[in-house]
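Chemist: Please see the structure below; I have some questions.
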Amino acid sequence: METRYPANEKFQDCLQRIMETRSLSSAQLAVILGHKSKTTLLRILQGTAGLRALGNVYKELCSCEELQLTEQEAERLRTAYDMELWGADTYRARTEMLRLLRKPDNRSVATNLLCSDGSEIALETFFSRFVPPETDGEIPVTRMDILMLSGCYPSVMLTMAGLLHRMEQRLHIRQLFMLNGDTARITRMIRNILPTLGYHTYEAYSVSQSDIITDPAYSGTGTGKAIAVRAETEAGEIREFQILLKSETEGVLLEAPGIWNHWHQFTAMYFQSAAPMKATIPEIRDYVSLLEYYADTERNREMLIYKADVCFYNIHTEILLHAVSDALQENASKEMEAYIGQMLPKLRSIQEKRFQNIVNKRQHTHWIASSAALYRFARTGIQDDHFFAMRPFTLEERHRIFRHLLEQVQNNPYFHLYLMREEDEDSFVNLEATLFVGQGLQLTSYHTDYCLENGWTETMLSEEAFCSLYREFYMEELLPHHTLPAENTTALLEDILRILREEIDKKA
């Protein structure tokens, strides 16, 4: 899917431009494409052809060596064909989903706020007065609460993510979104709030447009962008602010006692009927609860996985637990060793259920992985999300893990492993995402170590329209256009097994 060209350009106009550039008549082009007559091309040029005819001609144009389409022509043609195929709304939604998975440009946009005395202050500077940007510096605020009505501009959400990182449990953010059935807009919102989603103290809720369209706070575009702030200092002083955003770069700031209660009471009725955009995940205080959560979520459910390297449930139970017990003996404190040691029997039981679920369930598992990341894991024995209390996997263990994967690919009709195209590996976001069909899309921080004390968390996006779009996008866009043919998967696994076997033989 390409997004650089106008989404309102018709397929017939693209075809007409290609013909004019090469001084071709419809009859001449028909001959080049091997058509018996020019009738089909004329119908396309007149805008009366059906989708099947459009699709056939689109494929013929793209594969025709004699035409020598430029890269720009091919991309314009594809955009126009996708528009015809999906319609404007679906095309916009899929485009936003692709942007969600692409690496952000990390642009820095200053949001300048006009104060009541006529001065200006940047949003980031305003918050830094209460929460210094240096993570090891003193934070003079004992607690801060933020209430957001939409306002999910990318730069604003990056600022919020910085606050959440620095303040940890001392900051609580609740954000209320208005949804109007536009899945492209929903996807864009989720893309913007990705930096904050992984924090337990960030909550996102949604209400329908019909519930608030007549509300004065949502006048104009119906997407009121207001931020209320309540900060409590170490001295016990309470300060309250209201920020109204005109755009991503402009807003006004007002400090007024009582303004927090005003916004809190105003939004209370909406939060009562609002739907959480993040599913409620039970508080996980130990690793038995963590594995039970995973096992219950995965059980006999279709899964669409976007993860660079090996998943835990693809690793034999004894291999996984052996790596844990070895690490505990070598590095862990006596307290940690006793803690994990007491849980090992139950951890073994739950991990075996997870492993057998993938092997034996009659629901499909689709997994997009990175060739580079799989080779890296084969070389190091360390996953991108390696458990902190677990040693790297040995050569023999890695060989067994990849042998199991190859067996699954070859013999399990419900297990599908796809390799991302090389040109996409550096452009797609570092994000682990699993859609549990019927439940939600789970996001895991890249390079997490699952240390509960370090604030590890899961995010489950449960907004129904977004999850439906993600599944459609995964199956109809990611798989056919951004992954390699199935034979490449088999070849890679066989190559990794060969390399590992050679290394094992050298050490023998």
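Identifiers for the structure tokens are assigned positionally: chains receive A, B, ... in sequence, residues are indexed from 1 per chain, and ligands are indexed from 1 in the order shown.
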Show which residues sit within 7 Å of region 171-181 of chain A, as a list of chain:residue names. Count only C-alpha atoms, and ignore same-chain residues fewer than 5 positions away.

Modeler: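 Returned residues: A:Arg143, A:Met144, A:Asp145, A:Ile146, A:Leu147, A:Met148, A:Leu149, A:Ser150, A:Leu164, A:Ile186, A:Thr201, A:Tyr202, A:Glu203, A:Ala204, A:Tyr205, A:Ser206, A:Val207, A:Ser208, A:Gln209, A:Thr223.
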
Chemist: Keeping only N, CA and C atoms, write the selected residues as an mmCIF file, in the first residue's frame.

Modeler:
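again.cif written:
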```cif
data_model
loop_
_atom_site.group_PDB
_atom_site.id
_atom_site.type_symbol
_atom_site.label_atom_id
_atom_site.label_comp_id
_atom_site.auth_asym_id
_atom_site.auth_seq_id
_atom_site.Cartn_x
_atom_site.Cartn_y
_atom_site.Cartn_z
ATOM 1 N N ARG A 143 2.396 14.248 43.462
ATOM 2 C CA ARG A 143 1.373 13.584 42.658
ATOM 3 C C ARG A 143 0.874 14.569 41.599
ATOM 4 N N MET A 144 0.588 14.018 40.419
ATOM 5 C CA MET A 144 0.000 14.828 39.362
ATOM 6 C C MET A 144 -1.092 14.013 38.681
ATOM 7 N N ASP A 145 -2.231 14.643 38.448
ATOM 8 C CA ASP A 145 -3.340 14.040 37.712
ATOM 9 C C ASP A 145 -3.590 14.865 36.465
ATOM 10 N N ILE A 146 -3.780 14.182 35.337
ATOM 11 C CA ILE A 146 -4.052 14.867 34.071
ATOM 12 C C ILE A 146 -5.288 14.256 33.448
ATOM 13 N N LEU A 147 -6.187 15.122 33.020
ATOM 14 C CA LEU A 147 -7.409 14.716 32.342
ATOM 15 C C LEU A 147 -7.371 15.290 30.933
ATOM 16 N N MET A 148 -7.494 14.419 29.929
ATOM 17 C CA MET A 148 -7.376 14.867 28.542
ATOM 18 C C MET A 148 -8.653 14.555 27.778
ATOM 19 N N LEU A 149 -9.166 15.567 27.086
ATOM 20 C CA LEU A 149 -10.266 15.374 26.158
ATOM 21 C C LEU A 149 -9.670 15.410 24.761
ATOM 22 N N SER A 150 -9.558 14.246 24.150
ATOM 23 C CA SER A 150 -8.868 14.104 22.869
ATOM 24 C C SER A 150 -7.466 14.695 23.011
ATOM 25 N N LEU A 164 5.173 10.274 32.127
ATOM 26 C CA LEU A 164 4.871 8.961 32.707
ATOM 27 C C LEU A 164 6.157 8.213 33.040
ATOM 28 N N ILE A 186 -9.692 6.392 14.159
ATOM 29 C CA ILE A 186 -9.392 5.592 15.341
ATOM 30 C C ILE A 186 -7.949 5.094 15.287
ATOM 31 N N THR A 201 -0.556 3.587 34.548
ATOM 32 C CA THR A 201 -1.245 4.773 35.046
ATOM 33 C C THR A 201 -1.792 5.650 33.932
ATOM 34 N N TYR A 202 -1.748 5.150 32.698
ATOM 35 C CA TYR A 202 -2.403 5.832 31.579
ATOM 36 C C TYR A 202 -3.644 5.036 31.194
ATOM 37 N N GLU A 203 -4.796 5.710 31.184
ATOM 38 C CA GLU A 203 -6.056 5.066 30.837
ATOM 39 C C GLU A 203 -6.676 5.788 29.647
ATOM 40 N N ALA A 204 -7.220 5.019 28.717
ATOM 41 C CA ALA A 204 -7.859 5.593 27.532
ATOM 42 C C ALA A 204 -9.280 5.061 27.423
ATOM 43 N N TYR A 205 -10.238 5.965 27.217
ATOM 44 C CA TYR A 205 -11.651 5.610 27.103
ATOM 45 C C TYR A 205 -12.241 6.296 25.873
ATOM 46 N N SER A 206 -13.344 5.751 25.403
ATOM 47 C CA SER A 206 -13.989 6.342 24.240
ATOM 48 C C SER A 206 -15.490 6.460 24.449
ATOM 49 N N VAL A 207 -16.066 7.480 23.839
ATOM 50 C CA VAL A 207 -17.515 7.663 23.787
ATOM 51 C C VAL A 207 -17.880 7.900 22.325
ATOM 52 N N SER A 208 -19.127 7.639 21.989
ATOM 53 C CA SER A 208 -19.551 7.821 20.608
ATOM 54 C C SER A 208 -19.844 9.287 20.327
ATOM 55 N N GLN A 209 -19.734 9.647 19.077
ATOM 56 C CA GLN A 209 -19.964 11.031 18.668
ATOM 57 C C GLN A 209 -21.374 11.491 19.034
ATOM 58 N N THR A 223 -14.191 17.744 18.234
ATOM 59 C CA THR A 223 -13.053 16.993 18.784
ATOM 60 C C THR A 223 -12.346 17.826 19.841
#
```

Chemist: Using DSSP on the backbone, list every residue of region 98-207 of chain A that comes out as strand (DSSP E), and give them as an NGL selection string.

Modeler: :A and (112-114 or 120-122 or 141-149 or 171-179 or 202-207)

Chemist: Can you work out the spacing between CA of His316 (chain A) and CA of His404 (chain A) in Å, to one decimal?

Modeler: 8.6 Å

Chemist: What does the distance from CA of Arg301 (chain A) to CA of Pro413 (chain A) come to in Å, to one decimal?

Modeler: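 Separating CA of Arg301 (chain A) from CA of Pro413 (chain A) is a distance of 15.0 Å.
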
Chemist: Mind pulling up the distance from CA of Phe393 (chain A) to CA of Thr490 (chain A)?

Modeler: 22.0 Å

Chemist: Taking only C-alpha atoms into account, name the residue in A:Met460, A:Leu197, A:Met303, A:Leu114 that is nearest to Leu245 (chain A).

Modeler: A:Leu114

Chemist: Which of these residues is nearest to Glu494 (chain A), using only C-alpha atoms: A:Glu407, A:Glu302, A:Glu464, A:Glu423?

Modeler: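 Answer, going by the shortest atom-to-atom distance: A:Glu407.
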
Chemist: So that I can check the surroundings of Phe402 (chain A), please list as a ChimeraX atom specification every protein, DNA and RNA residue that reaches within 8 Å of it, counting only C-alpha atoms and ignoring chain neighbours fewer than 4 positions away.

Modeler: /A:398,406,493,496-497

Chemist: Please, which residues in region 249-329 of chain A fall within 10 Å of region 465-488 of chain A when counting only C-alpha atoms, and what is the closest atom pair and distance in Å to one decimal for each, ordered by chain then residue number, as a tab-separated table?

Modeler:
```
residue	atom	partner	partner_atom	distance
A:Met277	CA	A:Phe466	CA	9.8
A:Met303	CA	A:Arg471	CA	9.7
A:Leu304	CA	A:Arg471	CA	7.6
A:Ile305	CA	A:Tyr474	CA	9.3
A:Tyr306	CA	A:Tyr474	CA	9.2
```

Chemist: Please write the residues from the selection above to a file, keeping C-alpha atoms, as a PDB file, in the first residue's frame.

Modeler:
```pdb
ATOM      1  CA  MET A 277      -9.844   1.400  24.653  1.00  0.00           C
ATOM      2  CA  MET A 303      -3.596 -15.565  16.755  1.00  0.00           C
ATOM      3  CA  LEU A 304      -2.019 -13.046  14.384  1.00  0.00           C
ATOM      4  CA  ILE A 305       1.511 -12.346  15.613  1.00  0.00           C
ATOM      5  CA  TYR A 306       3.940  -9.602  14.609  1.00  0.00           C
TER       6      TYR A 306
END
```

Chemist: Got a sec: who's within 8 Å of Ser26 (chain A), counting only C-alpha atoms, leaving out chain neighbours fewer than 6 positions off, as a list in words?

Modeler: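 Returned residues: Met19, Lys38, Leu41 and Leu42 of chain A.
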
Chemist: Write out the residues from the selection above, keeping C-alpha atoms, as a compact mmCIF listing (two decimals), in the first residue's frame.

Modeler:
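Done, and the output landed in again-v7.txt:
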```txt
# COMPACT_ATOMS: atom_id res chain seq x y z
CA MET A 19 -1.07 5.91 -22.69
CA LYS A 38 -9.77 -2.78 -27.18
CA LEU A 41 -9.61 -0.84 -22.13
CA LEU A 42 -12.33 1.47 -23.46
```

Chemist: Find the residues around Leu500 (chain A) up to 10 Å (only C-alpha atoms counted), leave out those fewer than 3 positions away in its own chain, and share them as an MDAnalysis selection string.

Modeler: chainID A and resid 378:379 395:400 402 494:497 503:506

Chemist: Within 7 Å of Thr196 (chain A), counting only C-alpha atoms, which residues show up once you throw out same-chain ones fewer than 5 positions away? Write them as a PyMOL selection string, please.

Modeler: chain A and resi 157+160-161+202

Chemist: Output N, CA and C atoms of each residue in that selection to a file, as a short mmCIF file (atom, residue, chain, number, x, y, z; two decimals), in the first residue's frame.

Modeler:
```
data_model
loop_
_atom_site.label_atom_id
_atom_site.label_comp_id
_atom_site.auth_asym_id
_atom_site.auth_seq_id
_atom_site.Cartn_x
_atom_site.Cartn_y
_atom_site.Cartn_z
N MET A 157 1.45 13.77 22.97
CA MET A 157 1.51 12.44 23.57
C MET A 157 2.95 12.03 23.89
N MET A 160 3.56 13.55 27.16
CA MET A 160 2.91 12.77 28.21
C MET A 160 3.70 11.50 28.52
N ALA A 161 4.25 10.87 27.48
CA ALA A 161 5.04 9.66 27.69
C ALA A 161 6.28 9.96 28.52
N TYR A 202 -1.75 5.15 32.70
CA TYR A 202 -2.40 5.83 31.58
C TYR A 202 -3.64 5.04 31.19
#
```

Chemist: Give me, as a PyMOL selection string, all polymer residues having an atom no more than 12 Å from Leu61 (chain A), counting only C-alpha atoms and skipping those fewer than 4 positions away in the same chain.

Modeler: chain A and resi 11+14-15+18-19+29-30+32-34+41+54-57+65-70+73-75+77-78+81

Chemist: From the list A:Leu443, A:Ala226, A:Leu24, A:Leu320, which residue is nearest Glu352 (chain A) when using only C-alpha atoms?

Modeler: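 Nearest candidate to Glu352 (chain A) out of A:Leu443, A:Ala226, A:Leu24, A:Leu320: A:Leu320.
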
Chemist: Please report, as a PDB file with C-alpha atoms, in the first residue's frame, each residue of region 161-408 of chain A to which DSSP assigns alpha helix (DSSP H) when run on this structure's backbone.

Modeler:
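Saved the output as out-v6.pdb:
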```
ATOM      1  CA  ALA A 161       5.037   9.658  27.692  1.00  0.00           C
ATOM      2  CA  GLY A 162       8.066  11.504  29.047  1.00  0.00           C
ATOM      3  CA  LEU A 163       6.109  12.515  32.131  1.00  0.00           C
ATOM      4  CA  LEU A 164       4.871   8.961  32.707  1.00  0.00           C
ATOM      5  CA  HIS A 165       8.421   7.647  32.411  1.00  0.00           C
ATOM      6  CA  ARG A 166       9.840  10.168  34.868  1.00  0.00           C
ATOM      7  CA  MET A 167       7.043  10.183  37.428  1.00  0.00           C
ATOM      8  CA  THR A 183     -11.725   3.586  11.558  1.00  0.00           C
ATOM      9  CA  ALA A 184      -8.996   5.642   9.891  1.00  0.00           C
ATOM     10  CA  ARG A 185      -9.367   8.264  12.616  1.00  0.00           C
ATOM     11  CA  ILE A 186      -9.392   5.592  15.341  1.00  0.00           C
ATOM     12  CA  THR A 187      -6.191   4.078  13.947  1.00  0.00           C
ATOM     13  CA  ARG A 188      -4.535   7.490  13.755  1.00  0.00           C
ATOM     14  CA  MET A 189      -5.454   8.128  17.406  1.00  0.00           C
ATOM     15  CA  ILE A 190      -3.984   4.810  18.499  1.00  0.00           C
ATOM     16  CA  ARG A 191      -0.809   5.507  16.518  1.00  0.00           C
ATOM     17  CA  ASN A 192      -0.450   8.832  18.318  1.00  0.00           C
ATOM     18  CA  ILE A 193      -0.958   7.376  21.799  1.00  0.00           C
ATOM     19  CA  LEU A 194       1.383   4.391  21.308  1.00  0.00           C
ATOM     20  CA  PRO A 195       4.128   6.042  23.427  1.00  0.00           C
ATOM     21  CA  THR A 196       1.806   6.148  26.458  1.00  0.00           C
ATOM     22  CA  LEU A 197      -0.098   2.879  26.069  1.00  0.00           C
ATOM     23  CA  GLN A 209     -19.964  11.031  18.668  1.00  0.00           C
ATOM     24  CA  SER A 210     -23.718  10.974  19.199  1.00  0.00           C
ATOM     25  CA  ASP A 211     -23.207  11.228  22.958  1.00  0.00           C
ATOM     26  CA  ILE A 212     -21.307  14.507  22.924  1.00  0.00           C
ATOM     27  CA  ILE A 259     -10.702  24.320  37.458  1.00  0.00           C
ATOM     28  CA  TRP A 260      -9.840  20.660  38.075  1.00  0.00           C
ATOM     29  CA  ASN A 261     -13.131  19.986  39.841  1.00  0.00           C
ATOM     30  CA  HIS A 262     -14.955  21.724  37.008  1.00  0.00           C
ATOM     31  CA  TRP A 263     -13.465  19.388  34.389  1.00  0.00           C
ATOM     32  CA  HIS A 264     -13.716  16.347  36.643  1.00  0.00           C
ATOM     33  CA  GLN A 265     -17.435  16.895  37.226  1.00  0.00           C
ATOM     34  CA  PHE A 266     -18.024  17.813  33.593  1.00  0.00           C
ATOM     35  CA  THR A 267     -16.521  14.554  32.288  1.00  0.00           C
ATOM     36  CA  ALA A 268     -17.877  12.266  35.028  1.00  0.00           C
ATOM     37  CA  MET A 269     -21.057  11.472  33.095  1.00  0.00           C
ATOM     38  CA  TYR A 270     -19.034  10.558  30.010  1.00  0.00           C
ATOM     39  CA  PHE A 271     -16.609   8.309  31.850  1.00  0.00           C
ATOM     40  CA  GLN A 272     -19.547   6.431  33.393  1.00  0.00           C
ATOM     41  CA  SER A 273     -20.717   5.292  29.958  1.00  0.00           C
ATOM     42  CA  TYR A 287       5.139 -14.914  37.321  1.00  0.00           C
ATOM     43  CA  VAL A 288       2.522 -17.566  37.953  1.00  0.00           C
ATOM     44  CA  SER A 289      -0.134 -14.920  37.362  1.00  0.00           C
ATOM     45  CA  LEU A 290       1.777 -13.726  34.309  1.00  0.00           C
ATOM     46  CA  LEU A 291       1.890 -17.168  32.682  1.00  0.00           C
ATOM     47  CA  GLU A 292      -1.713 -17.902  33.650  1.00  0.00           C
ATOM     48  CA  TYR A 293      -2.765 -14.689  31.942  1.00  0.00           C
ATOM     49  CA  TYR A 294      -0.909 -15.693  28.780  1.00  0.00           C
ATOM     50  CA  ALA A 295      -2.229 -19.257  28.823  1.00  0.00           C
ATOM     51  CA  ASP A 296      -5.849 -18.157  29.294  1.00  0.00           C
ATOM     52  CA  THR A 297      -5.557 -15.519  26.572  1.00  0.00           C
ATOM     53  CA  GLU A 298      -3.994 -17.871  24.017  1.00  0.00           C
ATOM     54  CA  THR A 317       9.012 -26.426  28.488  1.00  0.00           C
ATOM     55  CA  GLU A 318      12.119 -28.167  29.825  1.00  0.00           C
ATOM     56  CA  ILE A 319      14.399 -25.944  27.712  1.00  0.00           C
ATOM     57  CA  LEU A 320      12.761 -22.790  29.040  1.00  0.00           C
ATOM     58  CA  LEU A 321      12.739 -23.826  32.693  1.00  0.00           C
ATOM     59  CA  HIS A 322      16.282 -25.221  32.515  1.00  0.00           C
ATOM     60  CA  ALA A 323      17.462 -21.787  31.343  1.00  0.00           C
ATOM     61  CA  VAL A 324      15.652 -20.209  34.304  1.00  0.00           C
ATOM     62  CA  SER A 325      16.996 -22.605  36.928  1.00  0.00           C
ATOM     63  CA  ASP A 326      20.579 -22.314  35.632  1.00  0.00           C
ATOM     64  CA  ALA A 327      20.420 -18.518  35.757  1.00  0.00           C
ATOM     65  CA  LEU A 328      19.079 -18.597  39.300  1.00  0.00           C
ATOM     66  CA  GLN A 329      21.922 -20.793  40.490  1.00  0.00           C
ATOM     67  CA  GLU A 330      24.535 -18.540  38.913  1.00  0.00           C
ATOM     68  CA  ASN A 331      23.248 -14.991  39.410  1.00  0.00           C
ATOM     69  CA  LYS A 334      18.827 -16.310  47.595  1.00  0.00           C
ATOM     70  CA  GLU A 335      15.467 -14.591  47.886  1.00  0.00           C
ATOM     71  CA  MET A 336      14.862 -14.648  44.119  1.00  0.00           C
ATOM     72  CA  GLU A 337      16.085 -18.240  43.857  1.00  0.00           C
ATOM     73  CA  ALA A 338      13.705 -19.342  46.608  1.00  0.00           C
ATOM     74  CA  TYR A 339      10.862 -17.318  45.108  1.00  0.00           C
ATOM     75  CA  ILE A 340      11.200 -18.759  41.596  1.00  0.00           C
ATOM     76  CA  GLY A 341      12.094 -22.201  42.918  1.00  0.00           C
ATOM     77  CA  GLN A 342       8.822 -22.463  44.812  1.00  0.00           C
ATOM     78  CA  MET A 343       6.884 -21.599  41.679  1.00  0.00           C
ATOM     79  CA  LEU A 344       8.737 -23.848  39.221  1.00  0.00           C
ATOM     80  CA  PRO A 345       6.278 -26.783  39.389  1.00  0.00           C
ATOM     81  CA  LYS A 346       3.343 -24.528  38.535  1.00  0.00           C
ATOM     82  CA  LEU A 347       5.347 -22.594  35.953  1.00  0.00           C
ATOM     83  CA  ARG A 348       6.171 -25.921  34.318  1.00  0.00           C
ATOM     84  CA  SER A 349       2.508 -26.922  34.143  1.00  0.00           C
ATOM     85  CA  ILE A 350       1.353 -23.611  32.659  1.00  0.00           C
ATOM     86  CA  GLN A 351       4.209 -23.348  30.150  1.00  0.00           C
ATOM     87  CA  GLU A 352       3.469 -26.879  28.933  1.00  0.00           C
ATOM     88  CA  LYS A 353      -0.163 -25.880  28.337  1.00  0.00           C
ATOM     89  CA  ARG A 354       1.014 -22.899  26.279  1.00  0.00           C
ATOM     90  CA  PHE A 355       3.406 -25.023  24.247  1.00  0.00           C
ATOM     91  CA  GLN A 356       0.848 -27.765  23.589  1.00  0.00           C
ATOM     92  CA  ASN A 357      -1.814 -25.188  22.714  1.00  0.00           C
ATOM     93  CA  ILE A 358       0.238 -23.914  19.768  1.00  0.00           C
ATOM     94  CA  VAL A 359       1.046 -27.458  18.659  1.00  0.00           C
ATOM     95  CA  ASN A 360      -2.412 -29.009  18.989  1.00  0.00           C
ATOM     96  CA  SER A 371      15.058 -13.076   9.111  1.00  0.00           C
ATOM     97  CA  ALA A 372      17.761 -10.918  10.697  1.00  0.00           C
ATOM     98  CA  ALA A 373      16.265 -11.336  14.182  1.00  0.00           C
ATOM     99  CA  LEU A 374      15.953 -15.118  13.814  1.00  0.00           C
ATOM    100  CA  TYR A 375      19.597 -15.359  12.721  1.00  0.00           C
ATOM    101  CA  ARG A 376      20.541 -13.139  15.660  1.00  0.00           C
ATOM    102  CA  PHE A 377      18.685 -15.391  18.093  1.00  0.00           C
ATOM    103  CA  ALA A 378      20.343 -18.435  16.524  1.00  0.00           C
ATOM    104  CA  ARG A 379      23.734 -16.785  17.038  1.00  0.00           C
ATOM    105  CA  THR A 380      23.231 -15.434  20.591  1.00  0.00           C
ATOM    106  CA  LEU A 395      23.664 -24.204  20.996  1.00  0.00           C
ATOM    107  CA  GLU A 396      21.936 -27.528  21.506  1.00  0.00           C
ATOM    108  CA  GLU A 397      18.810 -25.829  22.827  1.00  0.00           C
ATOM    109  CA  ARG A 398      18.720 -23.426  19.900  1.00  0.00           C
ATOM    110  CA  HIS A 399      19.087 -26.328  17.489  1.00  0.00           C
ATOM    111  CA  ARG A 400      16.120 -28.068  19.108  1.00  0.00           C
ATOM    112  CA  ILE A 401      14.032 -24.878  19.059  1.00  0.00           C
ATOM    113  CA  PHE A 402      14.574 -24.331  15.331  1.00  0.00           C
ATOM    114  CA  ARG A 403      14.079 -28.013  14.547  1.00  0.00           C
ATOM    115  CA  HIS A 404      10.705 -27.786  16.267  1.00  0.00           C
ATOM    116  CA  LEU A 405       9.801 -24.680  14.247  1.00  0.00           C
ATOM    117  CA  LEU A 406      10.712 -26.424  11.004  1.00  0.00           C
ATOM    118  CA  GLU A 407       8.582 -29.421  11.970  1.00  0.00           C
ATOM    119  CA  GLN A 408       5.663 -27.123  12.707  1.00  0.00           C
TER     120      GLN A 408
END
```
